[in-house]
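Engineer: File my_file-v7.txt follows (compact mmCIF, C-alpha atoms):
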```txt
# COMPACT_ATOMS: atom_id res chain seq x y z
CA MET V 5 0.00 0.00 0.00
CA ALA V 6 1.32 3.43 -0.86
CA LEU V 7 2.77 5.39 2.03
CA THR V 8 0.57 8.40 1.26
CA THR V 9 -2.57 6.29 1.57
CA ARG V 10 -1.37 4.81 4.85
CA THR V 11 -0.65 8.32 6.16
CA LYS V 12 -4.15 9.45 5.26
CA ILE V 13 -5.65 6.45 6.99
CA LEU V 14 -3.65 7.05 10.15
CA LYS V 15 -4.83 10.66 10.13
CA LEU V 16 -8.39 9.40 9.77
CA PHE V 17 -7.96 7.25 12.84
CA THR V 18 -6.34 9.93 14.98
CA THR V 19 -8.28 13.09 14.13
CA LYS V 20 -10.87 14.15 16.70
CA THR V 21 -13.86 15.30 14.71
CA GLN V 22 -16.57 17.74 15.63
CA CYS V 23 -19.83 15.85 15.71
CA SER V 24 -23.37 16.78 16.60
CA ALA V 25 -23.75 13.55 18.60
CA LEU V 26 -21.25 14.83 21.16
CA ALA V 27 -22.81 18.27 21.24
CA ARG V 28 -26.14 16.74 22.20
CA GLY V 29 -24.71 15.80 25.57
CA SER V 30 -23.73 12.82 27.65
CA ARG V 31 -26.67 10.63 26.77
CA ASN V 32 -25.44 10.17 23.18
CA GLY V 33 -21.76 10.95 23.57
CA PHE V 34 -20.81 9.31 26.85
CA ARG V 35 -21.78 6.40 29.04
CA LEU V 36 -24.20 7.39 31.77
CA ASP V 37 -23.89 4.24 33.81
CA PRO V 38 -23.24 0.51 33.43
CA PHE V 39 -26.91 -0.38 33.98
CA ARG V 40 -28.44 2.15 31.60
CA GLU V 41 -31.40 1.38 29.42
CA SER V 42 -30.53 0.41 25.84
CA GLU V 43 -29.83 3.46 23.71
CA SER V 44 -29.73 3.96 19.99
CA LEU V 45 -26.19 4.72 18.90
CA SER V 46 -25.42 7.72 16.78
CA SER V 47 -23.94 7.02 13.40
CA CYS V 48 -20.93 9.11 14.36
CA SER V 49 -18.22 6.81 15.72
CA PHE V 50 -15.28 8.79 17.11
CA PHE V 51 -11.85 7.31 16.50
CA SER V 52 -13.61 4.47 14.74
CA SER V 53 -12.77 2.89 11.42
CA SER V 54 -16.33 3.55 10.25
CA ALA V 55 -16.55 7.21 11.28
CA ALA V 56 -18.92 8.48 8.63
CA SER V 57 -18.18 12.11 9.52
CA ALA V 58 -14.39 11.71 9.70
CA VAL V 59 -12.31 14.55 8.33
CA VAL V 60 -8.91 13.92 6.73
CA GLU V 61 -6.43 16.54 5.62
CA ALA V 62 -5.42 15.84 2.02
CA GLU V 63 -1.69 15.27 1.47
CA THR V 64 -1.23 18.02 -1.11
CA ALA V 65 -4.47 19.94 -0.76
CA SER V 66 -5.13 23.28 0.89
CA PRO V 67 -5.13 23.51 4.72
CA SER V 68 -8.88 23.03 4.77
CA ALA V 69 -9.87 19.42 5.48
CA ALA V 70 -11.67 17.32 2.91
CA VAL V 71 -14.69 15.33 3.96
CA LEU V 72 -14.51 11.75 2.70
CA ASN V 73 -17.52 10.41 0.90
CA GLY V 74 -18.73 6.86 1.52
CA PRO V 75 -16.96 5.05 -1.37
CA ARG V 76 -13.66 6.88 -0.76
CA LEU V 77 -13.76 6.14 2.97
CA PHE V 78 -14.56 2.48 2.31
CA GLY V 79 -11.66 2.27 -0.13
CA LEU V 80 -9.19 3.69 2.39
CA LEU V 81 -10.38 1.36 5.13
CA LYS V 82 -10.13 -1.67 2.87
CA GLU V 83 -6.57 -0.71 1.91
CA TYR V 84 -5.71 -0.28 5.58
CA GLU V 85 -7.13 -3.68 6.55
CA ASP V 86 -5.35 -5.32 3.60
CA TYR V 87 -2.13 -3.68 4.74
CA ARG V 88 -2.57 -5.07 8.26
CA ARG V 89 -3.35 -8.55 6.95
CA ASN V 90 -0.06 -8.48 5.09
CA LEU V 91 1.66 -7.62 8.35
CA TYR V 92 0.02 -10.33 10.43
CA GLY V 93 -0.23 -13.26 8.05
CA GLY V 94 -3.86 -12.84 7.03
CA LEU V 95 -5.19 -11.27 10.24
CA THR V 96 -5.72 -7.58 10.92
CA HIS V 97 -4.78 -7.88 14.62
CA LYS V 98 -2.98 -10.26 16.96
CA ALA V 99 -5.27 -9.52 19.90
CA LEU V 100 -8.85 -8.54 20.68
CA PHE V 101 -9.89 -6.54 23.76
CA VAL V 102 -13.55 -6.60 24.78
CA ASP V 103 -15.48 -4.29 27.09
CA ALA V 104 -17.69 -6.05 29.65
CA VAL V 105 -20.92 -4.19 30.49
CA GLY V 106 -22.81 -3.11 27.39
CA THR V 107 -20.68 -5.16 25.00
CA LEU V 108 -20.05 -8.63 26.37
CA LEU V 109 -22.91 -8.69 28.87
CA VAL V 110 -25.92 -6.63 29.96
CA PRO V 111 -28.29 -6.66 32.96
CA SER V 112 -31.14 -9.13 32.50
CA GLN V 113 -33.66 -6.71 34.00
CA PRO V 114 -33.72 -2.90 34.20
CA MET V 115 -31.68 -1.60 37.10
CA ALA V 116 -34.52 0.51 38.53
CA GLN V 117 -36.85 -2.47 38.52
CA ILE V 118 -34.42 -4.56 40.58
CA TYR V 119 -33.68 -1.72 42.99
CA ARG V 120 -37.43 -1.30 43.49
CA GLN V 121 -38.30 -5.02 43.79
CA ILE V 122 -35.59 -5.85 46.31
CA GLY V 123 -36.08 -2.55 48.12
CA GLU V 124 -39.81 -2.88 48.78
CA LYS V 125 -39.27 -5.01 51.89
CA TYR V 126 -36.78 -2.42 53.16
CA GLY V 127 -39.20 0.48 52.77
CA VAL V 128 -38.16 1.85 49.38
CA GLU V 129 -41.09 3.89 48.08
CA TYR V 130 -39.69 5.63 45.01
CA SER V 131 -41.10 4.59 41.64
CA GLU V 132 -38.83 2.99 39.06
CA GLY V 133 -38.76 6.27 37.13
CA GLU V 134 -37.70 8.21 40.20
CA ILE V 135 -35.02 5.63 41.04
CA LEU V 136 -33.64 5.80 37.51
CA ASN V 137 -33.46 9.59 37.52
CA ARG V 138 -31.83 9.70 40.95
CA TYR V 139 -29.39 6.97 39.90
CA ARG V 140 -28.31 8.89 36.83
CA TRP V 141 -27.86 12.06 38.82
CA ALA V 142 -25.77 10.27 41.48
CA TYR V 143 -23.65 8.43 38.92
CA GLU V 144 -22.72 11.65 37.13
CA GLN V 145 -21.57 13.41 40.32
CA PRO V 146 -17.84 13.65 41.02
CA TRP V 147 -16.68 10.80 43.24
CA GLY V 148 -14.45 12.58 45.73
CA LYS V 149 -13.44 9.75 48.07
CA SER V 150 -10.96 8.29 45.59
CA ARG V 151 -9.61 9.04 42.13
CA LEU V 152 -11.28 5.75 41.16
CA ARG V 153 -14.92 4.76 41.52
CA TYR V 154 -14.17 1.05 41.68
CA VAL V 155 -11.59 0.41 44.39
CA ASN V 156 -11.29 -3.28 45.30
CA ASP V 157 -14.88 -4.51 45.72
CA GLY V 158 -16.31 -1.05 45.05
CA ARG V 159 -18.59 -1.14 48.10
CA PRO V 160 -18.22 2.51 49.20
CA PHE V 161 -19.09 3.77 45.73
CA TRP V 162 -22.06 1.44 45.29
CA GLN V 163 -23.37 2.21 48.79
CA TYR V 164 -23.45 5.86 47.79
CA ILE V 165 -25.22 5.03 44.50
CA VAL V 166 -27.83 2.78 46.11
CA SER V 167 -28.67 5.15 48.95
CA SER V 168 -28.81 8.14 46.59
CA SER V 169 -31.05 6.28 44.15
CA THR V 170 -33.52 4.81 46.62
CA GLY V 171 -33.27 6.93 49.77
CA CYS V 172 -32.56 3.72 51.70
CA SER V 173 -29.32 3.28 53.64
CA ASP V 174 -30.18 -0.10 55.18
CA SER V 175 -27.01 -2.21 55.10
CA GLN V 176 -28.94 -5.45 54.59
CA TYR V 177 -30.69 -3.99 51.59
CA PHE V 178 -27.39 -2.91 50.10
CA GLU V 179 -25.77 -6.32 50.65
CA GLU V 180 -28.68 -8.17 49.05
CA LEU V 181 -28.58 -5.87 46.04
CA TYR V 182 -24.78 -5.96 45.80
CA ASN V 183 -24.67 -9.75 45.93
CA TYR V 184 -27.47 -10.08 43.38
CA TYR V 185 -25.28 -8.42 40.76
CA THR V 186 -22.61 -11.06 41.28
CA THR V 187 -24.90 -13.86 40.08
CA GLU V 188 -25.72 -15.19 36.63
CA LYS V 189 -29.38 -14.34 37.28
CA ALA V 190 -28.57 -10.64 37.06
CA TRP V 191 -26.80 -10.72 33.69
CA HIS V 192 -26.89 -12.30 30.26
CA LEU V 193 -24.58 -12.27 27.26
CA CYS V 194 -25.24 -9.69 24.55
CA ASP V 195 -24.41 -12.13 21.76
CA PRO V 196 -25.60 -15.76 22.11
CA ASP V 197 -22.95 -16.84 19.58
CA ALA V 198 -20.11 -15.13 21.42
CA GLU V 199 -18.46 -18.38 22.52
CA LYS V 200 -18.11 -19.63 18.95
CA ALA V 201 -16.50 -16.39 17.86
CA PHE V 202 -14.06 -16.17 20.77
CA MET V 203 -13.00 -19.79 20.53
CA ALA V 204 -12.56 -19.44 16.77
CA LEU V 205 -10.38 -16.38 17.28
CA ARG V 206 -8.21 -18.15 19.83
CA THR V 207 -7.94 -21.21 17.59
CA ALA V 208 -6.73 -18.92 14.81
CA GLY V 209 -4.04 -17.56 17.14
CA VAL V 210 -5.72 -14.31 18.21
CA LYS V 211 -5.38 -13.56 21.92
CA VAL V 212 -8.52 -12.30 23.68
CA ALA V 213 -8.86 -10.19 26.84
CA VAL V 214 -11.61 -8.39 28.75
CA VAL V 215 -10.83 -4.72 29.51
CA SER V 216 -13.43 -3.33 31.88
CA ASN V 217 -14.22 -0.59 34.37
CA PHE V 218 -15.53 -2.86 37.11
CA ASP V 219 -14.87 -3.87 40.67
CA THR V 220 -13.48 -7.20 41.81
CA ARG V 221 -16.81 -8.96 41.27
CA LEU V 222 -16.08 -9.24 37.54
CA ARG V 223 -13.99 -12.42 37.72
CA PRO V 224 -16.53 -14.40 39.79
CA LEU V 225 -19.28 -13.03 37.55
CA LEU V 226 -17.54 -14.33 34.42
CA ARG V 227 -17.20 -17.72 36.15
CA ALA V 228 -20.89 -17.67 37.06
CA LEU V 229 -21.75 -16.99 33.42
CA LYS V 230 -19.41 -19.84 32.41
CA CYS V 231 -17.43 -17.65 30.05
CA ASP V 232 -14.23 -16.99 32.00
CA HIS V 233 -12.37 -19.65 29.96
CA TRP V 234 -13.04 -17.72 26.74
CA PHE V 235 -10.35 -15.19 27.61
CA ASP V 236 -6.57 -15.26 27.89
CA ALA V 237 -6.57 -12.34 30.34
CA VAL V 238 -8.84 -9.97 32.25
CA ALA V 239 -7.85 -6.36 32.96
CA VAL V 240 -10.17 -4.93 35.63
CA SER V 241 -9.95 -1.28 36.61
CA ALA V 242 -10.22 -2.08 40.32
CA GLU V 243 -7.10 -4.28 40.05
CA VAL V 244 -5.14 -2.16 37.58
CA GLU V 245 -6.03 1.02 39.51
CA ALA V 246 -6.87 2.86 36.30
CA GLU V 247 -10.25 3.35 34.65
CA LYS V 248 -10.99 3.79 30.97
CA PRO V 249 -10.39 6.08 29.12
CA ASN V 250 -7.04 6.12 30.94
CA PRO V 251 -4.72 4.30 28.51
CA THR V 252 -3.00 2.56 31.44
CA ILE V 253 -5.63 -0.17 31.59
CA PHE V 254 -5.23 -0.92 27.87
CA LEU V 255 -1.46 -1.01 28.23
CA LYS V 256 -1.86 -3.44 31.14
CA ALA V 257 -3.93 -5.71 28.91
CA CYS V 258 -1.15 -5.55 26.30
CA GLU V 259 1.35 -6.53 28.98
CA LEU V 260 -0.79 -9.45 30.12
CA LEU V 261 -1.02 -10.77 26.55
CA GLY V 262 2.58 -10.02 25.64
CA ILE V 263 1.74 -7.79 22.67
CA GLN V 264 2.27 -4.23 21.50
CA PRO V 265 -0.66 -1.73 21.49
CA GLU V 266 -0.69 -1.54 17.70
CA ASP V 267 -1.31 -5.31 17.60
CA ALA V 268 -4.70 -5.00 19.32
CA VAL V 269 -8.22 -3.83 18.53
CA HIS V 270 -10.65 -2.98 21.31
CA VAL V 271 -14.42 -3.45 20.97
CA GLY V 272 -16.69 -1.47 23.28
CA ASP V 273 -19.96 0.45 23.34
CA ASP V 274 -18.72 3.75 24.80
CA ARG V 275 -17.09 6.36 22.58
CA ARG V 276 -15.25 8.14 25.35
CA ASN V 277 -14.13 5.25 27.53
CA ASP V 278 -13.60 2.62 24.85
CA MET V 279 -12.78 4.39 21.58
CA TRP V 280 -10.84 7.37 22.89
CA GLY V 281 -9.09 5.33 25.55
CA ALA V 282 -8.00 2.64 23.11
CA ARG V 283 -6.74 5.22 20.62
CA ASP V 284 -4.75 7.04 23.29
CA ALA V 285 -3.08 3.73 24.18
CA GLY V 286 -2.17 3.11 20.55
CA CYS V 287 -4.77 0.40 19.86
CA ASP V 288 -7.45 0.31 17.18
CA GLY V 289 -11.07 0.63 18.28
CA TRP V 290 -14.40 -0.61 16.92
CA LEU V 291 -17.61 0.75 18.37
CA TRP V 292 -20.06 -1.97 19.39
CA GLY V 293 -23.46 -1.37 17.83
CA ALA V 294 -22.06 0.80 15.02
CA ASP V 295 -18.81 -0.57 13.60
CA VAL V 296 -19.66 -4.14 14.60
CA THR V 297 -22.88 -5.70 15.89
CA SER V 298 -21.85 -9.28 16.70
CA PHE V 299 -18.71 -11.15 17.72
CA THR V 300 -18.96 -13.25 14.56
CA GLU V 301 -18.64 -9.99 12.64
CA VAL V 302 -15.68 -9.04 14.83
CA ALA V 303 -13.97 -12.37 14.06
CA GLN V 304 -14.61 -12.02 10.34
CA ARG V 305 -13.33 -8.47 10.28
CA ILE V 306 -10.12 -9.59 11.99
CA GLY V 307 -9.76 -12.23 9.31
CA VAL V 308 -11.32 -15.40 10.73
CA GLN V 309 -13.85 -16.06 7.98
CA LYS V 310 -15.36 -19.35 9.18
CA PRO V 311 -15.90 -19.00 12.97
CA ALA V 312 -18.34 -21.94 13.17
CA SER V 313 -15.88 -24.36 11.54
CA LEU V 314 -13.03 -23.18 13.75
CA PHE V 315 -15.21 -23.53 16.82
CA ARG V 316 -15.95 -27.17 16.03
CA ARG V 317 -12.24 -27.88 15.72
CA PHE V 318 -11.54 -26.07 18.98
CA LYS V 319 -14.06 -28.24 20.81
CA HIS V 320 -12.33 -31.34 19.47
CA GLY V 321 -8.97 -30.10 20.76
CA ASN V 322 -7.48 -29.30 17.36
CA ARG V 323 -5.83 -26.06 16.35
CA PHE V 324 -5.89 -24.62 12.84
CA GLU V 325 -2.61 -24.37 11.00
CA SER V 326 -3.93 -21.23 9.33
CA ALA V 327 -6.71 -18.74 9.97
CA HIS V 328 -7.58 -18.83 6.29
CA MET V 329 -7.77 -22.52 5.51
CA ASP V 330 -10.06 -23.27 2.61
CA GLU V 331 -13.60 -24.13 3.73
CA GLU V 332 -13.70 -27.48 1.88
CA GLU V 333 -10.28 -28.47 3.21
CA SER V 334 -11.38 -27.48 6.71
CA GLU V 335 -14.62 -29.45 6.54
CA GLY V 336 -12.85 -32.43 4.98
CA LYS V 337 -10.22 -32.64 7.71
CA TYR V 338 -12.88 -32.26 10.35
CA SER V 339 -14.92 -35.13 8.88
CA ARG V 340 -11.89 -37.40 8.61
CA GLN V 341 -10.87 -36.75 12.21
CA LYS V 342 -14.38 -37.27 13.43
CA SER V 343 -14.57 -40.68 11.77
CA ALA V 344 -11.08 -41.79 12.82
```
Once you've parsed the file, please lay out its structure as structure tokens.
Structural biologist:
Amino acid sequence: MALTTRTKILKLFTTKTQCSALARGSRNGFRLDPFRESESLSSCSFFSSSAASAVVEAETASPSAAVLNGPRLFGLLKEYEDYRRNLYGGLTHKALFVDAVGTLLVPSQPMAQIYRQIGEKYGVEYSEGEILNRYRWAYEQPWGKSRLRYVNDGRPFWQYIVSSSTGCSDSQYFEELYNYYTTEKAWHLCDPDAEKAFMALRTAGVKVAVVSNFDTRLRPLLRALKCDHWFDAVAVSAEVEAEKPNPTIFLKACELLGIQPEDAVHVGDDRRNDMWGARDAGCDGWLWGADVTSFTEVAQRIGVQKPASLFRRFKHGNRFESAHMDEEESEGKYSRQKSA
């Protein structure tokens, strides 16, 4: 790929663009809380390889930036991904980072509904709407007791959130609510085919890690959901002592996997925490719900074109020699091994 094209692409990925989605406020531009209701994502994806409103300065043009049209942007992105595949033997990245809440998993029931249901026996009288509004207000306030919200098990922060949201400071109520969110009953996976995609990626040689702003309940939660074995590493803000978008947590994930930042792509649903943080660390970033909408799509975009076939081989304890083995050859070998 020509150097000038690569330079333009890198500018595309590192130019902060003005976008009306950000101007509309935190609801569209930033994460409000980890238990928020589902929100429609704006088409503007900051620092994302599908940023429809991205502005790139032309190599020999005037100082004014040229807005890329759809076909031109697609062409640049395809060249960039082809360039990376040449670097990594058919794959665009050596490692995948995944955000937890909002990307890998989501609450099974609305937060306000749970706070209300469990809180009724402790005297909580606020409606679900009132709880939600109070929760959002409390979550957006500066947390002055520490530079981090999630320190160790995060209890002080969550005690403040629960009491502010419900008006109830009963310690038994808090403990019941806190423990509920450590169980598989409280959460479910966003993508029911996630296991196939992650196992296919690992079989193809791609390392996978969770990078999450969470307290120390995340590891037992992943075990409860029976998905902890999908990942080579877990970088939790409460353990790393850095919260996204601080690049430190992404760099820690790189250290855990033994890779360089430019080898990794991070997938998350929050523009500020996930996209900006990953870019500042030197990683690529794909916005969940806009750039990619399933982990099968993530695997295919990285270069693993047949996740289902790879998953079957993974379950039989076999590892692919190549991430791009021909489909017929793959199926044929699988059938022969199965009958052996």
Engineer: Go ahead and compute the interatomic distance for CA of Ile306 (chain V) and CA of Gly293 (chain V), in Å to one decimal.
Structural biologist: 16.7 Å
Engineer: Under the rule that all atoms listed in the file are counted, which of V:Pro249, V:Gly133, V:Pro265, V:Pro111 is the nearest residue to Cys287 (chain V)?
Structural biologist: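 For Cys287 (chain V), the nearest of the candidates is V:Pro265.
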Engineer: Can you tell me how far CA of Lys82 (chain V) sits from CA of Gly289 (chain V), in Å to one decimal?
Structural biologist: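 CA of Gly289 (chain V) lies at a distance of 15.6 Å from CA of Lys82 (chain V).
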Engineer: Of the candidates V:Thr107, V:Gln163, V:Gln145, V:Thr207, which shows the shortest atom-to-atom distance to Ala294 (chain V), using all atoms listed in the file?
Structural biologist: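 When distances to Ala294 (chain V) are compared using all atoms listed in the file, the smallest one comes from V:Thr107.
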Engineer: Taking (-20.1, -1.8, 22.9) in the file's own coordinates, collect the residues within 12 Å, counting all atoms listed in the file, and hand them back as a ChimeraX atom specification.
Structural biologist: /V:34-35,38,42-45,49,101-110,194-195,215-216,270-279,289-299,302
Engineer: Suppose we keep C-alpha atoms; can you now write the selection as a PDB file, keeping the file's coordinate frame?
Structural biologist:
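Output saved as result33.pdb:
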```pdb
ATOM      1  CA  PHE V  34     -20.810   9.310  26.850  1.00  0.00           C
ATOM      2  CA  ARG V  35     -21.780   6.400  29.040  1.00  0.00           C
ATOM      3  CA  PRO V  38     -23.240   0.510  33.430  1.00  0.00           C
ATOM      4  CA  SER V  42     -30.530   0.410  25.840  1.00  0.00           C
ATOM      5  CA  GLU V  43     -29.830   3.460  23.710  1.00  0.00           C
ATOM      6  CA  SER V  44     -29.730   3.960  19.990  1.00  0.00           C
ATOM      7  CA  LEU V  45     -26.190   4.720  18.900  1.00  0.00           C
ATOM      8  CA  SER V  49     -18.220   6.810  15.720  1.00  0.00           C
ATOM      9  CA  PHE V 101      -9.890  -6.540  23.760  1.00  0.00           C
ATOM     10  CA  VAL V 102     -13.550  -6.600  24.780  1.00  0.00           C
ATOM     11  CA  ASP V 103     -15.480  -4.290  27.090  1.00  0.00           C
ATOM     12  CA  ALA V 104     -17.690  -6.050  29.650  1.00  0.00           C
ATOM     13  CA  VAL V 105     -20.920  -4.190  30.490  1.00  0.00           C
ATOM     14  CA  GLY V 106     -22.810  -3.110  27.390  1.00  0.00           C
ATOM     15  CA  THR V 107     -20.680  -5.160  25.000  1.00  0.00           C
ATOM     16  CA  LEU V 108     -20.050  -8.630  26.370  1.00  0.00           C
ATOM     17  CA  LEU V 109     -22.910  -8.690  28.870  1.00  0.00           C
ATOM     18  CA  VAL V 110     -25.920  -6.630  29.960  1.00  0.00           C
ATOM     19  CA  CYS V 194     -25.240  -9.690  24.550  1.00  0.00           C
ATOM     20  CA  ASP V 195     -24.410 -12.130  21.760  1.00  0.00           C
ATOM     21  CA  VAL V 215     -10.830  -4.720  29.510  1.00  0.00           C
ATOM     22  CA  SER V 216     -13.430  -3.330  31.880  1.00  0.00           C
ATOM     23  CA  HIS V 270     -10.650  -2.980  21.310  1.00  0.00           C
ATOM     24  CA  VAL V 271     -14.420  -3.450  20.970  1.00  0.00           C
ATOM     25  CA  GLY V 272     -16.690  -1.470  23.280  1.00  0.00           C
ATOM     26  CA  ASP V 273     -19.960   0.450  23.340  1.00  0.00           C
ATOM     27  CA  ASP V 274     -18.720   3.750  24.800  1.00  0.00           C
ATOM     28  CA  ARG V 275     -17.090   6.360  22.580  1.00  0.00           C
ATOM     29  CA  ARG V 276     -15.250   8.140  25.350  1.00  0.00           C
ATOM     30  CA  ASN V 277     -14.130   5.250  27.530  1.00  0.00           C
ATOM     31  CA  ASP V 278     -13.600   2.620  24.850  1.00  0.00           C
ATOM     32  CA  MET V 279     -12.780   4.390  21.580  1.00  0.00           C
ATOM     33  CA  GLY V 289     -11.070   0.630  18.280  1.00  0.00           C
ATOM     34  CA  TRP V 290     -14.400  -0.610  16.920  1.00  0.00           C
ATOM     35  CA  LEU V 291     -17.610   0.750  18.370  1.00  0.00           C
ATOM     36  CA  TRP V 292     -20.060  -1.970  19.390  1.00  0.00           C
ATOM     37  CA  GLY V 293     -23.460  -1.370  17.830  1.00  0.00           C
ATOM     38  CA  ALA V 294     -22.060   0.800  15.020  1.00  0.00           C
ATOM     39  CA  ASP V 295     -18.810  -0.570  13.600  1.00  0.00           C
ATOM     40  CA  VAL V 296     -19.660  -4.140  14.600  1.00  0.00           C
ATOM     41  CA  THR V 297     -22.880  -5.700  15.890  1.00  0.00           C
ATOM     42  CA  SER V 298     -21.850  -9.280  16.700  1.00  0.00           C
ATOM     43  CA  PHE V 299     -18.710 -11.150  17.720  1.00  0.00           C
ATOM     44  CA  VAL V 302     -15.680  -9.040  14.830  1.00  0.00           C
TER      45      VAL V 302
END
```
Engineer: Counting all atoms listed in the file, which residue out of V:Thr186, V:Asn90, V:Ser175, V:Asn156 sits closest to Glu243 (chain V)?
Structural biologist: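 For Glu243 (chain V), the nearest of the given residues is V:Asn156.
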Engineer: I'd like to know which of V:Leu152, V:Cys231, V:Val308, V:Val214 is closest to Pro196 (chain V), using only C-alpha atoms.
Structural biologist: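 Smallest distance to Pro196 (chain V) is found for V:Cys231.
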Engineer: Leaving out Glu266 (chain V) and any residue of its chain fewer than 6 positions from it, which residues lie within 9 Å of it when counting all atoms listed in the file, given as a PDB file with C-alpha atoms, keeping the file's coordinate frame?
Structural biologist:
```pdb
ATOM      1  CA  HIS V  97      -4.780  -7.880  14.620  1.00  0.00           C
ATOM      2  CA  ALA V 285      -3.080   3.730  24.180  1.00  0.00           C
ATOM      3  CA  GLY V 286      -2.170   3.110  20.550  1.00  0.00           C
ATOM      4  CA  CYS V 287      -4.770   0.400  19.860  1.00  0.00           C
ATOM      5  CA  ASP V 288      -7.450   0.310  17.180  1.00  0.00           C
TER       6      ASP V 288
END
```
Engineer: Quick one: everything within 12 Å of Ile118 (chain V), counting all atoms listed in the file, minus sequence neighbours fewer than 6 positions away in the same chain. Send it as a VMD selection string.
Structural biologist: chain V and resid 39 111 to 112 124 128 131 to 132 135 to 136 166 169 to 170 177 to 178 180 to 182 184 to 185 189 to 191
Engineer: How would region 171-182 of chain V look with N, CA and C atoms restored, written as a PDB file, in the coordinates of the input?
Structural biologist:
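Below you can see rebuild20.pdb, which holds the result:
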```pdb
ATOM      1  N   GLY V 171     -33.004   6.302  48.481  1.00  0.00           N
ATOM      2  CA  GLY V 171     -33.270   6.930  49.770  1.00  0.00           C
ATOM      3  C   GLY V 171     -33.170   5.960  50.932  1.00  0.00           C
ATOM      4  N   CYS V 172     -32.672   4.754  50.663  1.00  0.00           N
ATOM      5  CA  CYS V 172     -32.560   3.720  51.700  1.00  0.00           C
ATOM      6  C   CYS V 172     -31.095   3.421  51.978  1.00  0.00           C
ATOM      7  N   SER V 173     -30.704   3.548  53.244  1.00  0.00           N
ATOM      8  CA  SER V 173     -29.320   3.280  53.640  1.00  0.00           C
ATOM      9  C   SER V 173     -29.184   2.006  54.454  1.00  0.00           C
ATOM     10  N   ASP V 174     -30.203   1.157  54.439  1.00  0.00           N
ATOM     11  CA  ASP V 174     -30.180  -0.100  55.180  1.00  0.00           C
ATOM     12  C   ASP V 174     -29.066  -0.991  54.653  1.00  0.00           C
ATOM     13  N   SER V 175     -28.161  -1.413  55.532  1.00  0.00           N
ATOM     14  CA  SER V 175     -27.010  -2.210  55.100  1.00  0.00           C
ATOM     15  C   SER V 175     -27.418  -3.575  54.552  1.00  0.00           C
ATOM     16  N   GLN V 176     -28.482  -4.164  55.102  1.00  0.00           N
ATOM     17  CA  GLN V 176     -28.940  -5.450  54.590  1.00  0.00           C
ATOM     18  C   GLN V 176     -29.492  -5.325  53.173  1.00  0.00           C
ATOM     19  N   TYR V 177     -30.197  -4.244  52.935  1.00  0.00           N
ATOM     20  CA  TYR V 177     -30.690  -3.990  51.590  1.00  0.00           C
ATOM     21  C   TYR V 177     -29.535  -3.867  50.613  1.00  0.00           C
ATOM     22  N   PHE V 178     -28.525  -3.086  50.980  1.00  0.00           N
ATOM     23  CA  PHE V 178     -27.390  -2.910  50.100  1.00  0.00           C
ATOM     24  C   PHE V 178     -26.704  -4.244  49.824  1.00  0.00           C
ATOM     25  N   GLU V 179     -26.471  -5.048  50.846  1.00  0.00           N
ATOM     26  CA  GLU V 179     -25.770  -6.320  50.650  1.00  0.00           C
ATOM     27  C   GLU V 179     -26.550  -7.265  49.748  1.00  0.00           C
ATOM     28  N   GLU V 180     -27.868  -7.295  49.908  1.00  0.00           N
ATOM     29  CA  GLU V 180     -28.680  -8.170  49.050  1.00  0.00           C
ATOM     30  C   GLU V 180     -28.586  -7.704  47.590  1.00  0.00           C
ATOM     31  N   LEU V 181     -28.659  -6.414  47.387  1.00  0.00           N
ATOM     32  CA  LEU V 181     -28.580  -5.870  46.040  1.00  0.00           C
ATOM     33  C   LEU V 181     -27.180  -6.077  45.454  1.00  0.00           C
ATOM     34  N   TYR V 182     -26.173  -5.817  46.240  1.00  0.00           N
ATOM     35  CA  TYR V 182     -24.780  -5.960  45.800  1.00  0.00           C
ATOM     36  C   TYR V 182     -24.489  -7.401  45.404  1.00  0.00           C
TER      37      TYR V 182
END
```
